[in-house]
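K.L.:
Coordinates in target-v4.csv, CSV, C-alpha atoms, are listed below.
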```csv
chain,number,residue,atom,x,y,z
E,21,GLU,CA,3.3,-5.2,11.2
E,22,THR,CA,0.7,-4.7,8.5
E,23,GLY,CA,-1.8,-7.4,9.6
E,24,VAL,CA,-0.7,-9.7,6.8
E,25,THR,CA,1.6,-12.6,7.8
E,26,GLN,CA,3.6,-14.8,5.4
E,27,THR,CA,5.4,-18.0,6.3
E,28,PRO,CA,8.0,-19.1,5.8
E,29,ARG,CA,10.1,-16.0,5.4
E,30,HIS,CA,12.8,-17.9,3.6
E,31,LEU,CA,12.6,-21.2,1.6
E,32,VAL,CA,15.2,-23.1,-0.3
E,33,MET,CA,13.8,-26.0,-2.4
E,34,GLY,CA,15.0,-28.4,-5.0
E,35,MET,CA,13.4,-28.6,-8.4
E,36,THR,CA,11.7,-31.9,-7.5
E,37,ASN,CA,10.3,-30.7,-4.2
E,38,LYS,CA,6.8,-29.8,-3.3
E,39,LYS,CA,6.3,-26.9,-0.8
E,40,SER,CA,3.6,-24.4,0.1
E,41,LEU,CA,3.7,-20.7,1.0
E,42,LYS,CA,1.1,-19.5,3.5
E,43,CYS,CA,-0.5,-16.1,3.9
E,44,GLU,CA,-2.9,-15.0,6.7
E,45,GLN,CA,-4.6,-11.7,7.1
E,46,HIS,CA,-6.3,-10.3,10.2
E,47,LEU,CA,-7.7,-7.2,8.6
E,48,GLY,CA,-11.2,-8.4,7.7
E,49,HIS,CA,-10.4,-8.0,4.0
E,50,ASN,CA,-12.3,-9.9,1.3
E,51,ALA,CA,-9.7,-10.0,-1.5
E,52,MET,CA,-6.2,-11.5,-1.5
E,53,TYR,CA,-3.4,-11.5,-4.0
E,54,TRP,CA,-0.1,-13.2,-4.9
E,55,TYR,CA,2.7,-11.1,-6.5
E,56,LYS,CA,6.1,-12.2,-7.7
E,57,GLN,CA,9.1,-9.8,-7.3
E,58,SER,CA,12.2,-10.8,-9.2
E,59,ALA,CA,15.4,-8.8,-9.4
E,60,LYS,CA,15.5,-6.2,-12.1
E,61,LYS,CA,11.8,-6.9,-13.1
E,62,PRO,CA,8.6,-5.1,-12.2
E,63,LEU,CA,6.2,-6.6,-9.7
E,64,GLU,CA,4.1,-9.3,-11.4
E,65,LEU,CA,0.5,-10.0,-10.3
E,66,MET,CA,0.1,-13.7,-10.3
E,67,PHE,CA,-3.4,-14.5,-8.8
E,68,VAL,CA,-6.3,-12.6,-7.4
E,69,TYR,CA,-9.0,-14.0,-5.1
E,70,SER,CA,-12.1,-12.1,-4.4
E,71,LEU,CA,-14.6,-13.4,-1.9
E,72,GLU,CA,-12.6,-16.7,-2.0
E,73,GLU,CA,-13.1,-17.1,-5.7
E,74,ARG,CA,-10.2,-16.9,-8.1
E,75,VAL,CA,-10.9,-14.0,-10.4
E,76,GLU,CA,-7.5,-13.5,-12.1
E,77,ASN,CA,-4.8,-15.8,-13.2
E,78,ASN,CA,-2.2,-13.9,-15.2
E,79,SER,CA,-0.7,-16.7,-17.3
E,80,VAL,CA,1.1,-18.3,-14.4
E,81,PRO,CA,2.6,-21.7,-15.1
E,82,SER,CA,0.7,-24.6,-13.6
E,83,ARG,CA,3.6,-25.5,-11.3
E,84,PHE,CA,2.2,-22.7,-9.2
E,85,SER,CA,-1.2,-23.6,-7.7
E,86,PRO,CA,-3.1,-21.2,-5.4
E,87,GLU,CA,-5.7,-22.1,-2.8
E,88,CYS,CA,-7.9,-19.8,-0.8
E,89,PRO,CA,-9.9,-21.9,1.7
E,90,ASN,CA,-11.4,-18.9,3.4
E,91,SER,CA,-11.2,-15.1,3.4
E,92,SER,CA,-8.3,-15.0,5.9
E,93,HIS,CA,-6.0,-17.6,4.3
E,94,LEU,CA,-4.2,-17.9,1.0
E,95,PHE,CA,-1.7,-20.6,0.0
E,96,LEU,CA,0.6,-21.0,-3.0
E,97,HIS,CA,1.5,-24.6,-3.7
E,98,LEU,CA,4.8,-25.1,-5.5
E,99,HIS,CA,6.0,-28.2,-7.4
E,100,THR,CA,8.7,-28.9,-9.9
E,101,LEU,CA,9.9,-25.3,-9.9
E,102,GLN,CA,12.7,-24.0,-12.0
E,103,PRO,CA,15.7,-21.8,-10.9
E,104,GLU,CA,14.1,-18.8,-12.7
E,105,ASP,CA,11.2,-19.1,-10.2
E,106,SER,CA,13.6,-17.9,-7.5
E,107,ALA,CA,12.1,-14.6,-6.3
E,108,LEU,CA,10.4,-12.8,-3.4
E,109,TYR,CA,6.7,-13.8,-3.3
E,110,LEU,CA,4.4,-11.3,-1.8
E,111,CYS,CA,0.9,-11.8,-0.5
E,112,ALA,CA,-1.5,-8.8,-0.1
E,113,SER,CA,-5.0,-8.3,1.0
E,114,SER,CA,-7.6,-5.5,0.6
E,115,HIS,CA,-11.3,-4.7,0.7
E,116,ARG,CA,-12.8,-5.1,-2.8
E,117,GLY,CA,-12.9,-1.9,-4.8
E,118,ARG,CA,-10.8,0.2,-7.0
E,119,ASN,CA,-10.1,2.9,-4.5
E,120,THR,CA,-8.9,0.7,-1.7
E,121,GLU,CA,-5.2,0.2,-0.8
E,122,ALA,CA,-3.7,-3.2,-0.4
E,123,PHE,CA,-1.7,-4.3,2.6
E,124,PHE,CA,1.3,-6.5,2.0
E,125,GLY,CA,3.0,-9.2,4.0
E,126,GLN,CA,6.8,-9.3,4.3
E,127,GLY,CA,7.2,-11.8,1.6
E,128,THR,CA,8.8,-15.3,1.3
E,129,ARG,CA,12.2,-15.3,-0.3
E,130,LEU,CA,12.3,-18.4,-2.4
E,131,THR,CA,15.4,-20.0,-3.8
E,132,VAL,CA,15.1,-22.9,-6.2
E,133,VAL,CA,18.3,-25.0,-6.5
N,7,ALA,CA,-5.3,-0.5,-20.4
N,8,GLN,CA,-4.4,1.1,-17.1
N,9,SER,CA,-0.7,1.7,-16.5
N,10,VAL,CA,1.8,3.8,-14.6
N,11,ALA,CA,5.3,4.7,-15.5
N,12,GLN,CA,8.2,5.7,-13.3
N,13,PRO,CA,10.8,7.3,-15.6
N,14,GLU,CA,13.7,7.2,-13.2
N,15,ASP,CA,15.4,4.1,-12.0
N,16,GLN,CA,17.3,6.0,-9.3
N,17,VAL,CA,17.0,9.4,-7.5
N,18,ASN,CA,19.8,10.7,-5.4
N,19,VAL,CA,19.4,13.6,-2.9
N,20,ALA,CA,21.3,15.0,0.0
N,21,GLU,CA,19.8,14.8,3.4
N,22,GLY,CA,17.7,17.9,4.2
N,23,ASN,CA,17.0,18.7,0.5
N,24,PRO,CA,13.6,18.3,-1.0
N,25,LEU,CA,12.9,15.1,-3.0
N,26,THR,CA,10.7,14.2,-5.9
N,27,VAL,CA,10.0,10.7,-7.3
N,28,LYS,CA,8.1,10.9,-10.6
N,29,CYS,CA,5.1,8.9,-11.8
N,30,THR,CA,2.9,9.3,-14.8
N,31,TYR,CA,-0.3,7.4,-15.5
N,32,SER,CA,-2.5,6.3,-18.3
N,33,VAL,CA,-6.0,5.3,-17.2
N,34,SER,CA,-9.5,5.3,-18.5
N,35,GLY,CA,-12.1,7.0,-16.3
N,36,ASN,CA,-11.4,8.5,-13.0
N,37,PRO,CA,-7.8,7.9,-11.8
N,38,TYR,CA,-7.1,6.2,-8.5
N,39,LEU,CA,-3.4,6.5,-7.7
N,40,PHE,CA,-1.2,5.0,-5.0
N,41,TRP,CA,2.3,5.2,-3.7
N,42,TYR,CA,4.1,2.5,-1.8
N,43,VAL,CA,7.6,2.1,-0.2
N,44,GLN,CA,9.7,-1.0,0.1
N,45,TYR,CA,12.6,-1.4,2.4
N,46,PRO,CA,15.2,-4.2,1.8
N,47,ASN,CA,13.8,-7.7,2.2
N,48,ARG,CA,10.4,-6.4,3.3
N,49,GLY,CA,6.9,-6.1,1.8
N,50,LEU,CA,5.4,-3.0,0.3
N,51,GLN,CA,4.1,-0.4,2.7
N,52,PHE,CA,1.2,1.9,1.7
N,53,LEU,CA,2.1,5.7,1.8
N,54,LEU,CA,-0.8,7.5,0.3
N,55,LYS,CA,-3.5,7.5,-2.3
N,56,TYR,CA,-5.4,9.9,-4.5
N,57,ILE,CA,-9.1,9.3,-5.0
N,58,THR,CA,-10.7,12.6,-5.6
N,59,GLY,CA,-10.6,16.1,-4.2
N,60,ASP,CA,-7.5,18.1,-3.3
N,61,ASN,CA,-4.7,17.7,-5.8
N,62,LEU,CA,-2.1,17.6,-2.9
N,63,VAL,CA,-2.4,14.4,-0.9
N,64,LYS,CA,-0.6,14.0,2.4
N,65,GLY,CA,0.6,10.6,3.6
N,66,SER,CA,2.8,8.7,6.0
N,67,TYR,CA,6.3,9.7,7.1
N,68,GLY,CA,5.9,13.3,5.9
N,69,PHE,CA,5.4,12.3,2.2
N,70,GLU,CA,2.9,14.0,0.0
N,71,ALA,CA,2.0,13.6,-3.7
N,72,GLU,CA,0.7,16.1,-6.2
N,73,PHE,CA,-2.0,15.0,-8.7
N,74,ASN,CA,-1.8,16.9,-12.0
N,75,LYS,CA,-4.5,15.9,-14.5
N,76,SER,CA,-3.2,18.0,-17.4
N,77,GLN,CA,0.2,16.3,-17.2
N,78,THR,CA,-1.2,12.9,-16.1
N,79,SER,CA,1.3,12.9,-13.3
N,80,PHE,CA,1.3,11.9,-9.6
N,81,HIS,CA,4.7,12.8,-8.3
N,82,LEU,CA,5.8,11.9,-4.7
N,83,LYS,CA,7.4,14.7,-2.7
N,84,LYS,CA,9.0,15.4,0.6
N,85,PRO,CA,10.2,18.9,1.7
N,86,SER,CA,13.3,17.6,3.6
N,87,ALA,CA,14.7,14.1,2.9
N,88,LEU,CA,16.1,11.8,5.6
N,89,VAL,CA,18.7,9.1,5.2
N,90,SER,CA,16.1,6.7,6.5
N,91,ASP,CA,13.9,7.5,3.5
N,92,SER,CA,16.3,5.5,1.3
N,93,ALA,CA,14.2,2.7,-0.2
N,94,LEU,CA,12.4,1.5,-3.3
N,95,TYR,CA,9.3,3.5,-4.2
N,96,PHE,CA,6.4,2.3,-6.4
N,97,CYS,CA,3.4,4.1,-7.8
N,98,ALA,CA,0.4,2.0,-8.6
N,99,VAL,CA,-3.0,2.1,-10.3
N,100,PRO,CA,-6.0,-0.3,-10.1
N,101,ALA,CA,-6.5,-2.6,-13.1
N,102,GLY,CA,-9.3,-5.0,-12.8
N,103,THR,CA,-9.5,-6.3,-9.3
N,104,ALA,CA,-5.9,-5.6,-8.3
N,105,LEU,CA,-3.2,-2.9,-8.2
N,106,ILE,CA,-0.5,-2.9,-10.9
N,107,PHE,CA,2.8,-1.3,-10.1
N,108,GLY,CA,5.4,0.8,-11.9
N,109,LYS,CA,8.9,-0.6,-12.1
N,110,GLY,CA,10.0,1.2,-9.0
N,111,THR,CA,12.4,4.0,-8.3
N,112,THR,CA,15.3,3.6,-5.9
N,113,LEU,CA,15.7,6.7,-3.7
N,114,SER,CA,19.1,7.2,-2.1
N,115,VAL,CA,19.5,9.9,0.5
N,116,SER,CA,23.1,10.8,1.4
N,117,SER,CA,24.2,12.3,4.7
```
Using structure tokens, write down the structure from this file.
P.N.:
Amino acid sequence: ETGVTQTPRHLVMGMTNKKSLKCEQHLGHNAMYWYKQSAKKPLELMFVYSLEERVENNSVPSRFSPECPNSSHLFLHLHTLQPEDSALYLCASSHRGRNTEAFFGQGTRLTVV
Amino acid sequence: AQSVAQPEDQVNVAEGNPLTVKCTYSVSGNPYLFWYVQYPNRGLQFLLKYITGDNLVKGSYGFEAEFNKSQTSFHLKKPSALVSDSALYFCAVPAGTALIFGKGTTLSVSS
């Protein structure tokens, strides 16, 4: 266990559904991240929250909507997804700073049907 | 722009042999470099990092990495590979407020 917990571990949803991914960290970190990992593609940074404020949004479609209500929790709200959005979604947290390592959750395997 | 490159998609070694997984970097300023490992259907696990100081960095599970400024490389090494080391390995560098990762190298250790 890394101290970062993601739920659910697996999710199958239709293209018209609305669902949310949850991430919780118990490490006292002040930055949290969403990454997308697709087969045969590099890890893609989606969103960055630092001190609960979104500081990066890397051209992610609006059908993905992040929320960071406090420094321990991060959500990714999903709606009207496409099959190509099927991937492993990874949450991570860290202390702010360029020389600090990030700790990852185990990911949510999302399948859009 | 900060970036890392992993030139090999796959590395195959026999158990007990030394292993090397390659990473080169392109950064402005002082380089901070990281290695992570990912086992199937799991998140990434931190192995080690280079911040400053000794060019040889020791990390988890017997891994180490050698920082080479002249070659802009940060190769991951282990003197004696185990079958259980078979996994996907990523090097990473900070860009802005987050880490960005190389494409990953699959390490396969045969018994």
K.L.:
N:Gly108: which residues within 10 Å, counting only C-alpha atoms, same-chain residues fewer than 2 positions away excluded, as a PyMOL selection string?
P.N.:
(chain E and resi 62-63) or (chain N and resi 9-13+29-31+41+95-99+106+110-111)
K.L.:
At a cut-off of 6 Å, using all atoms listed in the file, what residues contact stretch 30-45 of chain E? Leave out same-chain residues fewer than 2 positions from it and give the result as a PyMOL selection string.
P.N.:
chain E and resi 23-28+47+92-102+128-133
K.L.:
Taking the point (-10.8, -12.0, -4.5) as given in the file, collect each protein or nucleic acid residue that comes within 12 Å of it, counting only C-alpha atoms, and present the set as a CSV table (one decimal) with C-alpha atoms, keeping the file's coordinate frame.
P.N.:
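Below is the file point_13.csv, written as the result:
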```csv
chain,number,residue,atom,x,y,z
E,49,HIS,CA,-10.4,-8.0,4.0
E,50,ASN,CA,-12.3,-9.9,1.3
E,51,ALA,CA,-9.7,-10.0,-1.5
E,52,MET,CA,-6.2,-11.5,-1.5
E,53,TYR,CA,-3.4,-11.5,-4.0
E,54,TRP,CA,-0.1,-13.2,-4.9
E,67,PHE,CA,-3.4,-14.5,-8.8
E,68,VAL,CA,-6.3,-12.6,-7.4
E,69,TYR,CA,-9.0,-14.0,-5.1
E,70,SER,CA,-12.1,-12.1,-4.4
E,71,LEU,CA,-14.6,-13.4,-1.9
E,72,GLU,CA,-12.6,-16.7,-2.0
E,73,GLU,CA,-13.1,-17.1,-5.7
E,74,ARG,CA,-10.2,-16.9,-8.1
E,75,VAL,CA,-10.9,-14.0,-10.4
E,76,GLU,CA,-7.5,-13.5,-12.1
E,77,ASN,CA,-4.8,-15.8,-13.2
E,87,GLU,CA,-5.7,-22.1,-2.8
E,88,CYS,CA,-7.9,-19.8,-0.8
E,89,PRO,CA,-9.9,-21.9,1.7
E,90,ASN,CA,-11.4,-18.9,3.4
E,91,SER,CA,-11.2,-15.1,3.4
E,92,SER,CA,-8.3,-15.0,5.9
E,93,HIS,CA,-6.0,-17.6,4.3
E,94,LEU,CA,-4.2,-17.9,1.0
E,112,ALA,CA,-1.5,-8.8,-0.1
E,113,SER,CA,-5.0,-8.3,1.0
E,114,SER,CA,-7.6,-5.5,0.6
E,115,HIS,CA,-11.3,-4.7,0.7
E,116,ARG,CA,-12.8,-5.1,-2.8
E,117,GLY,CA,-12.9,-1.9,-4.8
N,102,GLY,CA,-9.3,-5.0,-12.8
N,103,THR,CA,-9.5,-6.3,-9.3
N,104,ALA,CA,-5.9,-5.6,-8.3
```
K.L.:
Would you list the contacts of N:Gly35 as a ChimeraX atom specification, taking every protein, DNA or RNA residue within 12 Å and counting only C-alpha atoms, but skipping same-chain residues closer than 2 positions in sequence?
P.N.:
/E:118 /N:7-8,31-33,37-38,57,75,99-101
K.L.:
One number please: atom CA of E:Lys61 to atom CA of E:Leu110, in Å, one decimal.
P.N.:
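Those two atoms sit 14.2 Å apart.
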K.L.:
Suppose you want the space between atom CA of E:Gly127 and atom CA of E:Arg29; what is it in Å?
P.N.:
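Rounded to one decimal, the two atoms are 6.4 Å apart.
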K.L.:
List every protein, DNA or RNA residue that has at least one atom no more than 8 Å from (17.0, -14.6, -7.3) in the file's coordinates, counting only C-alpha atoms, and write the result as a list in words.
P.N.:
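In the file's frame, the residues around the point are Ser58, Ala59, Glu104, Asp105, Ser106, Ala107, Leu108, Leu130 and Thr131 of chain E.
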K.L.:
Might you pull out every residue within 9 Å of N:Arg48, with only C-alpha atoms counted and same-chain residues fewer than 3 positions away left off, and present them as a PyMOL selection string?
P.N.:
(chain E and resi 125-127) or (chain N and resi 44-45+51)
K.L.:
Excluding stretch 76-86 of chain N and any residue of its chain fewer than 5 positions from it, enumerate the residues within 8 Å of it, using all atoms listed in the file, and give them as a list in words.
P.N.:
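That gives Glu21, Gly22, Asn23, Pro24, Leu25, Thr26, Val27, Lys28, Cys29, Thr30, Tyr31, Ser32, Leu39, Trp41, Gly68, Phe69, Glu70 and Ala71 of chain N.
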K.L.:
Dump C-alpha atoms for the selected residues as a PDB file, in the frame of the given file?
P.N.:
```pdb
ATOM      1  CA  GLU N  21      19.800  14.800   3.400  1.00  0.00           C
ATOM      2  CA  GLY N  22      17.700  17.900   4.200  1.00  0.00           C
ATOM      3  CA  ASN N  23      17.000  18.700   0.500  1.00  0.00           C
ATOM      4  CA  PRO N  24      13.600  18.300  -1.000  1.00  0.00           C
ATOM      5  CA  LEU N  25      12.900  15.100  -3.000  1.00  0.00           C
ATOM      6  CA  THR N  26      10.700  14.200  -5.900  1.00  0.00           C
ATOM      7  CA  VAL N  27      10.000  10.700  -7.300  1.00  0.00           C
ATOM      8  CA  LYS N  28       8.100  10.900 -10.600  1.00  0.00           C
ATOM      9  CA  CYS N  29       5.100   8.900 -11.800  1.00  0.00           C
ATOM     10  CA  THR N  30       2.900   9.300 -14.800  1.00  0.00           C
ATOM     11  CA  TYR N  31      -0.300   7.400 -15.500  1.00  0.00           C
ATOM     12  CA  SER N  32      -2.500   6.300 -18.300  1.00  0.00           C
ATOM     13  CA  LEU N  39      -3.400   6.500  -7.700  1.00  0.00           C
ATOM     14  CA  TRP N  41       2.300   5.200  -3.700  1.00  0.00           C
ATOM     15  CA  GLY N  68       5.900  13.300   5.900  1.00  0.00           C
ATOM     16  CA  PHE N  69       5.400  12.300   2.200  1.00  0.00           C
ATOM     17  CA  GLU N  70       2.900  14.000   0.000  1.00  0.00           C
ATOM     18  CA  ALA N  71       2.000  13.600  -3.700  1.00  0.00           C
TER      19      ALA N  71
END
```
K.L.:
By how many Å are atom CA of N:Phe40 and atom CA of N:Asn61 apart?
P.N.:
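Atom-to-atom, atom CA of N:Phe40 to atom CA of N:Asn61, that is 13.2 Å.
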K.L.:
With distances taken over all atoms listed in the file, which of E:His46, E:Asn78, E:Arg83, E:Phe124 is nearest to chain N?
P.N.:
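Distance minimum relative to chain N lands on E:Phe124.
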